[in-house]
Amino acid sequence: MNFPFFIARRYLFSKKSTHAINVISGISIIGVAVATMALVVTLSVFNGFHDLVASFFTSFDPQLKVVPLKGKTVAADDPILTQIRQLPQIDVATECVEDQALAVYRGRQAMVMVKGVDDNFDELTHIGEILIGDGEFSLHAADMDYGILGIRLAEQLATGYTYDRPMKIYAPRREGQFDMANPTDAFEEDELYSPGVLFNVKQARYDKNYIITSIAFARRIFGQQGMLSSLELRLKPGSNFEAVKSEIKTLCADKFAVKDRYEQQDDTFKIMKIEKFIAYIFLTFILMVACFNIIGSLSMLIIDKKDDVVTLRNLGASDKQIVRIFLFEGRMISAIGAVLGILLGLLLCWLQQQFGLVALGSTSGSFVVSAYPVSVHPEDIILIFITVLVVGFLSVWYPVRYFAKRLLA
C-alpha cells in the first residue's frame, strides 16, 4: 500500500485534537461539492438549450446542404452537382433558390426571404410536422403558386392561416433597362396564394422571415432561370453520414461548401458554445475560491500533526513522503467533494427532467418549454471531475509544500 496515501486517509477520517479541524475539513468538502454541483447543473442546462434548438432546426433544415463558395447561385446542371445527385447514398435531392424580396398584403409589408424549393421538399425535411392550419403542404396548383409563411410573418402581415387574396411579392429586376420616372418598373412583381397552412419552426429566424414556395416562382421573380442557390440532400437510411459528407466534400473541391445541420446554423451554435465556455470559466473560478478552504484545513492539520511528523521522521519517513501525505489529504478532499457534487448535480438534473422544478415563466405558453431543459452529457461530467481534481491539486500544492518545509526545518 502507498504509505503517504495510507497515512493521509487515516488523518482525513480520524478525530483531531481540535474539533474545529474536522469542521473546517467538512466545510471544505461541502464547498467543493457545491461548486462541482453548480458546474454539473449549469453545463447540463446549456446542453438542454443546445439540444432543444437543434430539435427545432431538424424540422426545417436538410441533412446536408451544398452551396457555392463564390456568388449566390450556380448552374443547376453543374457537373459536380450532377455527380452528387447520382451518389447511391442520396435518397432525396432538392434544388433551392433563396433570396430577399418585399411581401405586401392589404397595405402591410415586410422584407422576407423567399425560399423556392422542389415539390419533394416535404420528403427532404420534416416540415409536415411543423405545419399548422387546415390545408396541406403544396407549392402550386395549375397556374397558381402557393406561399407557405412562417407563423410570425403571418402575424406581421395579418394574413391568418389562410389569406383570402393574393400576396404581392416584389424583387429587384436584375437585367434590362427600366424607366427611372417609374420606380416600380425596377421591380419584378408576382403573386402568391395561400395553401391554407403556415409553418412554425419556433425560431424567429424562420418564423418571422421565410416564405416557402415553388422553385419555378423563385427563379422567375429573381431572374435565376436554370440556376440554384443550394442543393439540399437527404441520405438513405443506414448511410454512413460522415463518410458520405466526406465523399461529397471531395467531389466539391474548392467550388462548393458542404454543410450539415449544425454548420447551417453555425452562428447560433457557436454563440451557445461560447456562452457555455464562459459559464464554465466563471464557475471554475468559484471552484478555486472554494478550494481555499482546503488550504486552511490543511494548514491547521499540519500544525495539529506536528508531533506525528516527528515520529514519522524517526521511523524513517523521508521529508518528501511527509509532504506527500498532506498533498494526498488535499487531493482526497477534492475528490470526495467532486464525487458528492457530481452525484448531487445529477440528482438535481434528474429531478428537473422529471418534474420541471425550475420553470421558465409563470405564464403558461409564454415559452416553447415550460421548464428549463436539461441534458447531461458524459463528456461534461468527465471534464468537471478532471477540472475539480486539477484545481484542487494546484490550489494546495504550493501552500502544503511551504507549510511542510517550515514544519520540517
# chains A, B, ... in the order shown; residues from 1 in each chain; ligands from 1
>>> select_by_dssp(residues="region 94-201 of chain A", states="strand (DSSP E)", output="short mmCIF file (atom, residue, chain, number, x, y, z; two decimals) with N, CA, C and O atoms, in the first residue's frame")
data_model
loop_
_atom_site.label_atom_id
_atom_site.label_comp_id
_atom_site.auth_asym_id
_atom_site.auth_seq_id
_atom_site.Cartn_x
_atom_site.Cartn_y
_atom_site.Cartn_z
N THR A 94 -32.98 18.13 -53.46
CA THR A 94 -33.89 19.24 -53.77
C THR A 94 -33.11 20.48 -54.16
O THR A 94 -32.19 20.89 -53.45
N GLU A 95 -33.49 21.06 -55.30
CA GLU A 95 -32.88 22.33 -55.72
C GLU A 95 -33.60 23.48 -55.04
O GLU A 95 -34.82 23.46 -54.90
N CYS A 96 -32.83 24.50 -54.64
CA CYS A 96 -33.40 25.65 -53.95
C CYS A 96 -32.86 26.95 -54.54
O CYS A 96 -31.69 27.02 -54.91
N VAL A 97 -33.73 27.93 -54.61
CA VAL A 97 -33.34 29.30 -54.94
C VAL A 97 -33.87 30.18 -53.82
O VAL A 97 -35.07 30.17 -53.54
N GLU A 98 -32.98 30.92 -53.18
CA GLU A 98 -33.34 31.68 -51.98
C GLU A 98 -32.78 33.09 -52.07
O GLU A 98 -31.61 33.28 -52.38
N ASP A 99 -33.64 34.09 -51.84
CA ASP A 99 -33.18 35.48 -51.86
C ASP A 99 -34.23 36.36 -51.19
O ASP A 99 -35.34 35.93 -50.89
N GLN A 100 -33.85 37.62 -50.95
CA GLN A 100 -34.74 38.56 -50.27
C GLN A 100 -35.72 39.20 -51.25
O GLN A 100 -35.41 39.41 -52.43
N ALA A 101 -36.89 39.53 -50.72
CA ALA A 101 -37.92 40.21 -51.51
C ALA A 101 -38.81 41.00 -50.56
O ALA A 101 -38.66 40.94 -49.34
N LEU A 102 -39.73 41.75 -51.15
CA LEU A 102 -40.69 42.52 -50.37
C LEU A 102 -42.07 41.89 -50.54
O LEU A 102 -42.54 41.68 -51.65
N ALA A 103 -42.71 41.56 -49.40
CA ALA A 103 -44.06 40.99 -49.42
C ALA A 103 -45.05 42.07 -48.99
O ALA A 103 -44.84 42.76 -47.98
N VAL A 104 -46.13 42.21 -49.73
CA VAL A 104 -47.16 43.21 -49.43
C VAL A 104 -48.52 42.52 -49.41
O VAL A 104 -48.88 41.80 -50.35
N TYR A 105 -49.27 42.75 -48.31
CA TYR A 105 -50.61 42.17 -48.20
C TYR A 105 -51.52 43.16 -47.48
O TYR A 105 -51.28 43.53 -46.33
N ARG A 108 -50.02 46.09 -45.70
CA ARG A 108 -48.90 45.76 -44.81
C ARG A 108 -47.77 45.18 -45.64
O ARG A 108 -48.01 44.48 -46.62
N GLN A 109 -46.55 45.46 -45.23
CA GLN A 109 -45.41 44.95 -45.98
C GLN A 109 -44.30 44.50 -45.04
O GLN A 109 -44.22 44.93 -43.89
N ALA A 110 -43.45 43.62 -45.56
CA ALA A 110 -42.33 43.09 -44.78
C ALA A 110 -41.26 42.59 -45.73
O ALA A 110 -41.56 42.04 -46.79
N MET A 111 -40.00 42.80 -45.33
CA MET A 111 -38.89 42.19 -46.07
C MET A 111 -38.83 40.72 -45.69
O MET A 111 -38.82 40.37 -44.50
N VAL A 112 -38.82 39.86 -46.69
CA VAL A 112 -38.88 38.42 -46.44
C VAL A 112 -37.77 37.70 -47.20
O VAL A 112 -37.15 38.25 -48.11
N MET A 113 -37.55 36.47 -46.80
CA MET A 113 -36.65 35.58 -47.52
C MET A 113 -37.52 34.55 -48.24
O MET A 113 -38.18 33.73 -47.60
N VAL A 114 -37.55 34.65 -49.55
CA VAL A 114 -38.33 33.71 -50.36
C VAL A 114 -37.45 32.50 -50.66
O VAL A 114 -36.37 32.63 -51.25
N LYS A 115 -37.93 31.33 -50.26
CA LYS A 115 -37.18 30.09 -50.48
C LYS A 115 -37.97 29.23 -51.45
O LYS A 115 -39.01 28.67 -51.10
N GLY A 116 -37.49 29.16 -52.69
CA GLY A 116 -38.13 28.32 -53.69
C GLY A 116 -37.54 26.93 -53.68
O GLY A 116 -36.32 26.76 -53.71
N VAL A 117 -38.40 25.91 -53.60
CA VAL A 117 -37.93 24.52 -53.48
C VAL A 117 -38.69 23.63 -54.44
O VAL A 117 -39.75 23.98 -54.96
N LEU A 131 -46.33 22.06 -39.70
CA LEU A 131 -47.37 22.82 -40.40
C LEU A 131 -48.60 22.94 -39.52
O LEU A 131 -48.99 21.98 -38.84
N ILE A 132 -49.22 24.12 -39.53
CA ILE A 132 -50.45 24.33 -38.78
C ILE A 132 -51.48 24.97 -39.71
O ILE A 132 -51.14 25.78 -40.55
N GLY A 133 -52.74 24.56 -39.56
CA GLY A 133 -53.79 25.08 -40.43
C GLY A 133 -54.66 23.96 -40.97
O GLY A 133 -54.51 22.79 -40.59
N HIS A 140 -47.88 24.53 -55.51
CA HIS A 140 -48.54 25.12 -56.68
C HIS A 140 -49.73 24.26 -57.09
O HIS A 140 -49.82 23.07 -56.73
N ALA A 141 -50.63 24.87 -57.83
CA ALA A 141 -51.78 24.17 -58.40
C ALA A 141 -52.15 24.89 -59.68
O ALA A 141 -52.39 26.09 -59.68
N MET A 144 -51.22 28.60 -60.42
CA MET A 144 -51.07 29.38 -59.19
C MET A 144 -49.90 28.85 -58.37
O MET A 144 -49.72 27.63 -58.24
N ASP A 145 -49.11 29.75 -57.83
CA ASP A 145 -48.02 29.38 -56.93
C ASP A 145 -48.43 29.69 -55.50
O ASP A 145 -48.94 30.79 -55.21
N ILE A 148 -46.07 29.41 -48.41
CA ILE A 148 -46.28 29.00 -47.02
C ILE A 148 -45.45 29.92 -46.12
O ILE A 148 -44.22 29.94 -46.20
N LEU A 149 -46.13 30.68 -45.29
CA LEU A 149 -45.48 31.68 -44.46
C LEU A 149 -45.12 31.11 -43.09
O LEU A 149 -45.78 30.18 -42.59
N GLY A 150 -44.08 31.70 -42.47
CA GLY A 150 -43.81 31.45 -41.07
C GLY A 150 -44.88 32.10 -40.23
O GLY A 150 -45.46 33.13 -40.59
N MET A 167 -51.01 37.56 -52.36
CA MET A 167 -49.95 38.34 -51.71
C MET A 167 -48.96 38.80 -52.78
O MET A 167 -48.47 37.99 -53.57
N LYS A 168 -48.68 40.08 -52.81
CA LYS A 168 -47.77 40.63 -53.80
C LYS A 168 -46.32 40.43 -53.33
O LYS A 168 -45.99 40.71 -52.17
N ILE A 169 -45.47 39.97 -54.23
CA ILE A 169 -44.05 39.81 -53.96
C ILE A 169 -43.27 40.66 -54.96
O ILE A 169 -43.49 40.56 -56.18
N TYR A 170 -42.37 41.49 -54.43
CA TYR A 170 -41.56 42.37 -55.29
C TYR A 170 -40.08 42.03 -55.07
O TYR A 170 -39.62 41.87 -53.93
N ALA A 171 -39.34 41.95 -56.18
CA ALA A 171 -37.90 41.71 -56.12
C ALA A 171 -37.20 42.60 -57.14
O ALA A 171 -37.76 42.86 -58.22
N PRO A 172 -36.00 43.09 -56.85
CA PRO A 172 -35.29 43.96 -57.81
C PRO A 172 -35.05 43.26 -59.14
O PRO A 172 -34.69 42.08 -59.17
N PHE A 187 -38.73 46.76 -60.44
CA PHE A 187 -39.00 45.56 -59.65
C PHE A 187 -39.81 44.55 -60.45
O PHE A 187 -40.68 44.92 -61.26
N GLU A 188 -39.49 43.29 -60.20
CA GLU A 188 -40.33 42.21 -60.70
C GLU A 188 -41.48 42.03 -59.71
O GLU A 188 -41.27 42.09 -58.49
N GLU A 189 -42.65 41.82 -60.23
CA GLU A 189 -43.83 41.66 -59.36
C GLU A 189 -44.53 40.35 -59.69
O GLU A 189 -44.69 39.98 -60.85
N ASP A 190 -44.94 39.65 -58.64
CA ASP A 190 -45.66 38.39 -58.85
C ASP A 190 -46.58 38.17 -57.66
O ASP A 190 -46.52 38.90 -56.66
N GLU A 191 -47.39 37.12 -57.72
CA GLU A 191 -48.37 36.86 -56.67
C GLU A 191 -48.25 35.45 -56.13
O GLU A 191 -47.94 34.51 -56.86
N LEU A 192 -48.51 35.34 -54.84
CA LEU A 192 -48.56 34.04 -54.18
C LEU A 192 -49.94 33.86 -53.55
O LEU A 192 -50.55 34.83 -53.07
N VAL A 197 -52.03 26.71 -44.92
CA VAL A 197 -51.18 26.30 -43.80
C VAL A 197 -50.06 27.32 -43.59
O VAL A 197 -49.69 28.06 -44.50
N LEU A 198 -49.53 27.33 -42.38
CA LEU A 198 -48.34 28.08 -42.01
C LEU A 198 -47.35 27.10 -41.40
O LEU A 198 -47.73 25.99 -41.00
N PHE A 199 -46.08 27.48 -41.33
CA PHE A 199 -45.12 26.63 -40.62
C PHE A 199 -44.67 27.34 -39.34
O PHE A 199 -44.65 28.56 -39.26
#
>>> residues_around(residues="Val67 (chain A)", least_positions_apart="4", cutoff="8 Å", atoms="only C-alpha atoms", output="list in words")
Ser229, Ser230, Leu231, Phe256, Ala257 and Val258 of chain A
>>> residues_around(residues="region 79-92 of chain A", least_positions_apart="3", cutoff="12 Å", atoms="only C-alpha atoms", output="JSON, numbers by chain")
{"A": [62, 63, 64, 65, 66, 67, 68, 74, 75, 76, 95, 118, 119, 120, 121, 122, 123, 124, 125, 227, 228, 229, 230, 231, 232, 233, 234, 235, 236, 237, 238, 239, 240, 241, 242, 243, 244, 245, 246, 247, 248, 249, 250, 251, 252, 253, 254, 255, 256, 257, 258]}
>>> atom_distance(atom1="CA of Arg331 (chain A)", atom2="CA of Phe385 (chain A)")
12.2 Å
>>> atom_distance(atom1="CA of Gly337 (chain A)", atom2="CA of Ala35 (chain A)")
8.9 Å
>>> select_by_dssp(residues="region 172-402 of chain A", states="helix (DSSP H, G or I)", output="MDAnalysis selection string")
chainID A and resid 183:186 204:207 215:222 241:252 261:264 266:304 306:314 319:355 378:402
>>> write_last_selection(atoms="C-alpha atoms", output="tab-separated table (two decimals), in the first residue's frame")
chain	number	residue	atom	x	y	z
A	183	PRO	CA	-39.76	53.30	-59.67
A	184	THR	CA	-41.99	50.24	-59.76
A	185	ASP	CA	-40.52	49.43	-63.17
A	186	ALA	CA	-37.29	48.48	-61.39
A	204	ALA	CA	-37.65	33.71	-35.10
A	205	ARG	CA	-35.09	33.45	-37.89
A	206	TYR	CA	-37.51	31.29	-39.87
A	207	ASP	CA	-40.94	32.05	-38.46
A	215	ILE	CA	-38.66	26.91	-57.22
A	216	ALA	CA	-40.27	27.98	-60.51
A	217	PHE	CA	-41.74	31.05	-58.79
A	218	ALA	CA	-38.42	31.92	-57.12
A	219	ARG	CA	-36.46	31.56	-60.38
A	220	ARG	CA	-38.99	33.70	-62.20
A	221	ILE	CA	-39.11	36.59	-59.76
A	222	PHE	CA	-35.36	36.62	-59.05
A	241	PHE	CA	-23.28	10.19	-42.62
A	242	GLU	CA	-19.68	11.28	-42.06
A	243	ALA	CA	-18.36	9.09	-44.86
A	244	VAL	CA	-20.91	10.46	-47.35
A	245	LYS	CA	-20.25	14.03	-46.25
A	246	SER	CA	-16.51	13.49	-46.72
A	247	GLU	CA	-17.07	11.98	-50.18
A	248	ILE	CA	-19.23	14.94	-51.25
A	249	LYS	CA	-16.62	17.37	-49.94
A	250	THR	CA	-14.02	15.62	-52.08
A	251	LEU	CA	-16.24	15.94	-55.16
A	252	CYS	CA	-16.92	19.62	-54.44
A	261	ARG	CA	-27.42	20.88	-39.91
A	262	TYR	CA	-25.15	22.30	-37.24
A	263	GLU	CA	-22.93	24.05	-39.78
A	264	GLN	CA	-26.00	25.56	-41.45
A	266	ASP	CA	-23.10	27.81	-37.24
A	267	ASP	CA	-23.64	31.30	-35.79
A	268	THR	CA	-26.33	30.17	-33.37
A	269	PHE	CA	-24.46	27.13	-32.08
A	270	LYS	CA	-21.13	28.98	-31.93
A	271	ILE	CA	-22.70	31.61	-29.65
A	272	MET	CA	-24.15	28.89	-27.44
A	273	LYS	CA	-20.77	27.17	-27.18
A	274	ILE	CA	-19.10	30.45	-26.24
A	275	GLU	CA	-21.72	31.11	-23.57
A	276	LYS	CA	-21.24	27.61	-22.17
A	277	PHE	CA	-17.46	28.03	-22.13
A	278	ILE	CA	-17.70	31.39	-20.32
A	279	ALA	CA	-20.04	29.87	-17.73
A	280	TYR	CA	-17.55	27.02	-17.25
A	281	ILE	CA	-14.68	29.51	-16.72
A	282	PHE	CA	-16.63	31.60	-14.18
A	283	LEU	CA	-17.71	28.55	-12.20
A	284	THR	CA	-14.15	27.23	-12.25
A	285	PHE	CA	-13.04	30.48	-10.61
A	286	ILE	CA	-15.72	29.95	-7.96
A	287	LEU	CA	-14.36	26.42	-7.50
A	288	MET	CA	-10.89	27.87	-6.95
A	289	VAL	CA	-12.27	30.11	-4.19
A	290	ALA	CA	-13.93	27.07	-2.60
A	291	CYS	CA	-10.59	25.26	-2.68
A	292	PHE	CA	-9.05	27.95	-0.44
A	293	ASN	CA	-10.96	26.29	2.41
A	294	ILE	CA	-8.84	23.21	1.77
A	295	ILE	CA	-5.70	25.30	2.33
A	296	GLY	CA	-6.99	26.44	5.73
A	297	SER	CA	-7.92	22.89	6.67
A	298	LEU	CA	-4.52	21.50	5.66
A	299	SER	CA	-2.53	24.25	7.39
A	300	MET	CA	-4.36	23.53	10.66
A	301	LEU	CA	-3.88	19.79	10.17
A	302	ILE	CA	-0.13	20.24	9.63
A	303	ILE	CA	0.12	22.17	12.90
A	304	ASP	CA	-2.05	19.60	14.71
A	306	LYS	CA	3.45	18.30	14.32
A	307	ASP	CA	4.28	15.61	16.88
A	308	ASP	CA	3.23	12.85	14.43
A	309	VAL	CA	5.59	14.28	11.83
A	310	VAL	CA	8.50	13.99	14.26
A	311	THR	CA	7.52	10.38	14.97
A	312	LEU	CA	7.29	9.55	11.27
A	313	ARG	CA	10.71	11.04	10.62
A	314	ASN	CA	12.16	8.97	13.46
A	319	ASP	CA	10.64	14.67	4.03
A	320	LYS	CA	9.26	14.02	0.55
A	321	GLN	CA	6.92	11.32	1.87
A	322	ILE	CA	5.68	13.58	4.65
A	323	VAL	CA	4.90	16.35	2.16
A	324	ARG	CA	3.05	13.83	0.00
A	325	ILE	CA	0.88	12.84	2.98
A	326	PHE	CA	-0.60	16.32	3.18
A	327	LEU	CA	-0.80	16.62	-0.61
A	328	PHE	CA	-2.82	13.39	-0.65
A	329	GLU	CA	-5.01	14.86	2.07
A	330	GLY	CA	-5.86	17.83	-0.16
A	331	ARG	CA	-6.45	15.60	-3.18
A	332	MET	CA	-8.80	13.35	-1.19
A	333	ILE	CA	-10.85	16.33	-0.02
A	334	SER	CA	-11.11	17.49	-3.65
A	335	ALA	CA	-12.00	14.01	-4.90
A	336	ILE	CA	-14.68	13.44	-2.26
A	337	GLY	CA	-16.15	16.90	-2.93
A	338	ALA	CA	-16.09	16.19	-6.68
A	339	VAL	CA	-17.91	12.86	-6.33
A	340	LEU	CA	-20.52	14.27	-3.95
A	341	GLY	CA	-21.02	17.34	-6.14
A	342	ILE	CA	-21.44	15.28	-9.30
A	343	LEU	CA	-23.94	12.96	-7.62
A	344	LEU	CA	-25.94	15.90	-6.27
A	345	GLY	CA	-25.78	17.65	-9.65
A	346	LEU	CA	-27.01	14.54	-11.46
A	347	LEU	CA	-29.82	14.17	-8.92
A	348	LEU	CA	-30.93	17.78	-9.48
A	349	CYS	CA	-30.77	17.31	-13.25
A	350	TRP	CA	-32.92	14.19	-12.99
A	351	LEU	CA	-35.46	15.97	-10.79
A	352	GLN	CA	-35.60	18.88	-13.27
A	353	GLN	CA	-36.10	16.49	-16.18
A	354	GLN	CA	-38.86	14.56	-14.40
A	355	PHE	CA	-40.72	17.29	-12.54
A	378	PRO	CA	-20.98	12.20	-20.16
A	379	GLU	CA	-18.03	14.16	-21.58
A	380	ASP	CA	-19.05	17.15	-19.46
A	381	ILE	CA	-19.10	15.04	-16.30
A	382	ILE	CA	-15.61	13.73	-17.08
A	383	LEU	CA	-14.38	17.28	-17.77
A	384	ILE	CA	-15.87	18.55	-14.48
A	385	PHE	CA	-14.29	15.72	-12.47
A	386	ILE	CA	-10.87	16.34	-14.02
A	387	THR	CA	-11.26	20.11	-13.50
A	388	VAL	CA	-12.04	19.70	-9.79
A	389	LEU	CA	-9.06	17.39	-9.27
A	390	VAL	CA	-6.67	19.67	-11.16
A	391	VAL	CA	-7.89	22.86	-9.44
A	392	GLY	CA	-7.78	21.14	-6.05
A	393	PHE	CA	-4.25	19.86	-6.62
A	394	LEU	CA	-2.91	23.19	-7.90
A	395	SER	CA	-4.56	25.16	-5.09
A	396	VAL	CA	-2.90	23.09	-2.32
A	397	TRP	CA	0.43	22.25	-3.96
A	398	TYR	CA	2.37	25.40	-3.01
A	399	PRO	CA	0.79	26.04	0.43
A	400	VAL	CA	1.36	22.44	1.55
A	401	ARG	CA	4.99	22.46	0.45
A	402	TYR	CA	5.50	25.84	2.12
>>> closest_residue(among="A:Val23, A:Val53, A:Ile30, A:Ala317", to="Pro4 (chain A)", atoms="only C-alpha atoms")
A:Ala317
>>> residues_around(residues="Thr213 (chain A)", least_positions_apart="2", cutoff="6 Å", atoms="only C-alpha atoms", output="PDB file with N, CA and C atoms, in the first residue's frame")
ATOM      1  N   GLY A 116     -37.491  29.157 -52.689  1.00  0.00           N
ATOM      2  CA  GLY A 116     -38.126  28.321 -53.689  1.00  0.00           C
ATOM      3  C   GLY A 116     -37.544  26.930 -53.679  1.00  0.00           C
ATOM      4  N   LEU A 139     -47.102  23.437 -53.120  1.00  0.00           N
ATOM      5  CA  LEU A 139     -46.358  24.595 -53.614  1.00  0.00           C
ATOM      6  C   LEU A 139     -47.024  25.266 -54.811  1.00  0.00           C
ATOM      7  N   TYR A 146     -48.222  28.724 -54.622  1.00  0.00           N
ATOM      8  CA  TYR A 146     -48.572  28.904 -53.219  1.00  0.00           C
ATOM      9  C   TYR A 146     -47.362  29.414 -52.442  1.00  0.00           C
ATOM     10  N   GLY A 147     -47.649  30.144 -51.368  1.00  0.00           N
ATOM     11  CA  GLY A 147     -46.605  30.614 -50.469  1.00  0.00           C
ATOM     12  C   GLY A 147     -46.933  30.231 -49.040  1.00  0.00           C
TER      13      GLY A 147
END
>>> residues_around(residues="Ser55 (chain A)", least_positions_apart="6", cutoff="12 Å", atoms="only C-alpha atoms", output="ChimeraX atom specification")
/A:48-49,61,126,129-130,201-203,261-262,368
>>> atom_distance(atom1="CA of Val374 (chain A)", atom2="CA of Phe56 (chain A)")
15.9 Å
